[in-house]
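Q: One structure, pasted below without further comment.
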Amino acid sequence: MKKGVHPQQFLAKIKCACGQVYEIPSTKKEILVEICRNCSPVFTGKEETKPVIGRVERFLKKQARSKKSS
């Protein structure tokens, strides 16, 4: 490997807006993030899921309504 080509690695501190601090190897010394694994709705299970009706189901509903009205 060539010398002087690769960036220097540090033990970076990742700071979240919720207050959590993690350490990982990185080329930056400090990284600030808004959401981490402790406060993300995906990881905490507080994610809201909305039922989505598929295209086929919508089409079948429309056909059923049109047959009733005929």
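Going through the structure tokens in order, the chains are called A, B, and so on, while each chain numbers its residues from 1 and the ligands are numbered from 1 in the order shown.
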Write out as JSON, numbers by chain which residues come within 6 Å of Lys13 (chain A) when counting only C-alpha atoms, dropping same-chain ones fewer than 4 positions away.
A: {"A": [22, 23, 30]}
Q: Excluding Leu11 (chain A) and residues on its chain fewer than 5 positions from it, collect all residues at most 8 Å away from it, counting only C-alpha atoms, and give them as a PyMOL selection string.
A: chain A and resi 23-26+29
Q: Just write the chosen residues, N, CA and C atoms, as a PDB file, in the first residue's frame.
A:
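The file below, again02.pdb, is the result:
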```pdb
ATOM      1  N   GLU A  23     -18.840   5.083  20.182  1.00  0.00           N
ATOM      2  CA  GLU A  23     -17.502   5.236  19.625  1.00  0.00           C
ATOM      3  C   GLU A  23     -17.299   4.187  18.535  1.00  0.00           C
ATOM      4  N   ILE A  24     -16.879   4.665  17.361  1.00  0.00           N
ATOM      5  CA  ILE A  24     -16.595   3.785  16.242  1.00  0.00           C
ATOM      6  C   ILE A  24     -15.363   4.308  15.518  1.00  0.00           C
ATOM      7  N   PRO A  25     -14.653   3.454  14.777  1.00  0.00           N
ATOM      8  CA  PRO A  25     -13.532   3.951  13.973  1.00  0.00           C
ATOM      9  C   PRO A  25     -14.054   4.758  12.787  1.00  0.00           C
ATOM     10  N   SER A  26     -13.433   5.912  12.549  1.00  0.00           N
ATOM     11  CA  SER A  26     -13.847   6.785  11.463  1.00  0.00           C
ATOM     12  C   SER A  26     -12.705   7.722  11.096  1.00  0.00           C
ATOM     13  N   LYS A  29     -13.230  12.937  13.862  1.00  0.00           N
ATOM     14  CA  LYS A  29     -13.088  12.756  15.300  1.00  0.00           C
ATOM     15  C   LYS A  29     -14.420  12.797  16.032  1.00  0.00           C
TER      16      LYS A  29
END
```
Q: Using CA of Ser40 (chain A) and CA of Ala17 (chain A) as the two end points, give the distance in Å to one decimal.
A: 11.1 Å
Q: Using only C-alpha atoms, pick whichever of A:Thr27, A:Arg55, A:Gly45, A:Leu32 has the shortest atom-to-atom distance to Lys15 (chain A).
A: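 The answer is A:Leu32, which sits nearest to Lys15 (chain A).
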